[in-house]
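Note sheet for the following structure.
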Amino acid sequence: MTVQRLADFSSSRQRVHTGPMALTTLGGYALFFGENSRALYRTDGTSEGTHLLRTLKWRPASMTPDIGGWSPPPRMVVLGPQAWWLGQEGLWTTDGTPEGTRWVGMLGLPEVATPPVAFDGALYFSSEGRLYRSDGTAQGTQELAQVSMKEVAPVQAQDVGGKLYFACESAASGGELCLTDGTPAGTKVVTDLVPGTASASPRILGSIAGRVVFSATTGDGTSVRRLYSSDGTEAGTLLLHPFASLGEDATGSGLAVELTVLQGAAYFPCQSEATGQELCRTEGTAATTQILDLIPGADSSAPRKPSVLGTKLYFQACDNLGIHQGHCRLWSSDGTLAGSALIGDLPPNNSGGIGMSPGLVPAGDALFFYGESSGPALWRTDGTAAGTHVLGQLTSVENFVVLDLRRDSVAFGGKLLFTAFGPSDVEYGLELWSSDGSVNGTQRVSDPTPRRGKGTALQLLAQDERLFVTAHPGGIGQALWRVEGPPPGIRTLHVSSASLNSWIGMAPVNGRLLLTSASSLWATDDTSQGIHPLNVAGLAPGSLIPAGDRAFLPGRQLWQTDGTEAGTVLVEAAPANVSHAAFVNGGLWFRGQAPGQPDVQGLWTSTGQPGVTTFLGAVGAEPADFTGLGSLTLFSARDGDAGRELWKSDGTAAGTVRVADLRPGGEGSAPERLFAWKDHVYFWATGADGVTTLWKSDGTEAGTTRLRAATLRRGVEYGWDDGGFIAWGDALYFAGQDAEGGREPWRTDGSDSGTVRVADLVPGPGSSNPNGFMWVSPEGPLLFAAYSPTKGRELWRLDSADGTPTLVADVVEGPRSSQPEKLTRVGSTLYFQADDGTGMGLYRLRGLLADTFAPRLRCPPPREVTTTSNQGASVSFESAAAYDDSGEPPVLESTHASGTTFPIGATSVTFTATDAAGNEGTCTFSVTVTGTSQPDAGPTPPDAGVPPPEPPDDSGCGCQSGASSLPWTMALLGLLGLARRRSREVSEEP
């Protein structure tokens, strides 16, 4: 089999931001989230060693690069050889390999847990007001106590002396300080600082000298956060300073975020009325807690979190943090008031004040920070004025993503790995950089997300063994392509300026393709243009619904067409605002405006013939998902007594009734994806228990039942779910989920025992999320798109019902996904769209089926010319147009070459096209030479002495003087008429 990219759907490519965030070291490499936390990457600090581990969250291919705001990344914790974090759907883990990067899930918990904390060889988290200890498996998850761990950044919990301290919530004590030693008996509230159910709302800062340090409100009606330390007992929980606090708690964060420890003491920003905002020092007791009043009196130095370099503290002192704002200076301190000082005068002004983003990050022998220098820049300092300078200019990206050097960098191999967007990065976005503290050693590491197009295919459709594609190039407008192979076999037939809110639609009718484009209707043809408009007054087409020898065009009005202007007419007696239409049981079923009730949508049906458009009533309001089952039409609808449920109709108002109330009450069961197979309709619906499962119905209440109700679930995951069914062989295939695995391929034969999982492509709770099922032929294989950790989302095949799915092709090598979509078979060739990392393009897959399809030909029109001689006339003609389902040009031969002399009368010219598999196709047209030849005068006696007649002149009259033509001339003409010349020609574009 061969896979080939034929064309890009995008007219241009855009810069893409990888956006590395939350860098974390694990073993000998670093991990980071990218693409707005949709992907996990691994790096060793080199371009070659930076690659994708796994896509964590699907993103629609048609979406443009993120520019509307990025979400904060998950917080990652390391436990032994693995890292863990909380995603939107549960717990994840990685060992740094694609195979070992997996979704763990909910661990049997009733709701998603809080972000995990690593302690004593296990993970700790809360769910539904309970604290759990877990080894990362459902079996190894143990409830410890009915207290919940509060999610507080940046220090969620602190290990002190073999006990884990954390802010907790309990029914008896409200929000207080808790600890656990990993056992139920050793899990408790340390002290109830604000007695009763009121809360002290503690926030942990860190630990020093075997004591946990935290801030808490006092419950005295103010929101001032005071400083405490604790040894884990109520008696040993102490107020550290009578006046120092972390300021008001209105912002929910307090002034200090965490402690910085230097030579047995902890330092952090604090404040008091007498000193303003200054630096606090503590060794965990009240006696050792003091305020270092760097600027005496109530004026503030406004310090930020210190960092350690060598034997000193370094910190930013700012009136307001932020590049382009604020006025910051750098200070150093040995932990004493006398040993604290400004670090000289720093550019760009003599006051030493520059704009800074928060955070001084140590790496190697320097501290790094984001600062101002004629725009954003990366700075470094060694603690001296001379050693403080700019390493490189950056481009501001804060309009859509807020960078935090403390979070989005890590010291690795003596260097700083960080996130940056260089000012000259025309090709590159927000990417991973590294710095060794020198200008030349500050450079981009890698760009794993190159520029990509945002174009996409809207629809692929096979017609006459050709492929037609409607595509959106990523800018404004849409286009119709006709595809007969690689370029130049791809031809643009039509371009529309319609936006994606008015998508082009296609449908086959009477051997041609109809196209709706904005407010116009087009039809393909065999002319050199390949398409022409159908100019019909008042036509404003919406979608196209094929209906045998015609198509319906629902919209503000209901039209029908046979593909001609004369045959494009309004449907008599049809209502306004037609929607949710489907052609079922020989008629169009749709939702439309009820007669005389403009605000009511009711059920209608029409054959398109005069007098056969029927309003079936407002009962069954908002009908949708029409499906034929024998003579009945089943659909979903709602009425005043119930929510959306399963309905049926025999085409009469009296015969339009609800089949069953599967979920009594106003919510309804919301049946969807109705699919008729054999004598039942299969669909997804939500039962009285609130669980969405697989159902089948024969159109009666008694015959409407669940399949595998106890275990099988729909398992919807946004973006990868089409919820559909396909019949192949003796079973229906679909994507489902049960308690033993994630969302995987399933099949059913209509019975409980015959409803089984086909394969667990991602073992455990993870999901392969299969969709896009289609069979290539009745004998197979069945194709679908699915995910695997090592290959990403690619194309898979199933060759038999009891077989094992196998990968068809890895369009993008490694774990990055090509996201194949819109699989369409044209003869023996499969087409689809996929992304090779540069954007969506059109792909061709050959070799999946044996080629038994003959090439298609279109002969030139018949030719009629006047004879130019007794031999006839030389006639030139165009070659036949030939194409093959394989997409490769066939070899073309003809019985006569263009320019051949054709005899008087009609001659058939046959073209034969032969493809690589030896299949032949033919077409024939006629060449007619009109006129008469000179009459034959009969034989001349040999002894008459009359010379033979002269050959006819080339006057073009096609005649000759004399009573008759000579016998040898007639013989010659006969021979010429029987002669056949064959020429091998390369097919031309139709």
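Residues are named by chain letter and number: chains run A, B, ... in the order of the structure tokens, numbers start at 1 in each chain, and ligands are numbered from 1 in the order shown.
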
Residues within 7 Å of Phe615 in chain A, only C-alpha atoms, excluding chain neighbours under 4 positions, as a ChimeraX atom specification: /A:603-605

Residues within 8 Å of Ala265 in chain A, only C-alpha atoms, excluding chain neighbours under 2 positions, as a ChimeraX atom specification: /A:208,261-263,267,281-283

Surrounding residues of Tyr831 in chain A excluding itself and chain neighbours under 4 positions, 10 Å, only C-alpha atoms, as number ranges by chain: A: 3-6, 460-462, 467, 820-826, 842-846

Between CA of Thr456 in chain A and CA of Asp8 in chain A, distance in Å (one decimal):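 These two atoms are separated by 8.6 Å.
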
7 Å contact set for Ile354 in chain A, only C-alpha atoms, chain neighbours under 5 positions out, as number ranges by chain: A: 327-329, 371-372

Distance of CA of Tyr682 in chain A from CA of Leu694 in chain A, expressed in Å to one decimal place: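 Computing it gives 7.2 Å between the two atoms.
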
Spatial neighbours of Trp728 in chain A, max dist 8 Å, only C-alpha atoms, sep filter under 5 positions, as number ranges by chain: A: 733, 775, 778, 782

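When only C-alpha atoms are used to measure the gap to Ala122 in chain A, the shortest distance among A:Gly611, A:Gly505, A:Gly140, A:Pro789 belongs to A:Gly140.
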
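Straight-line separation from CA of Gln737 in chain A to CA of Gly764 in chain A: 11.3 Å.
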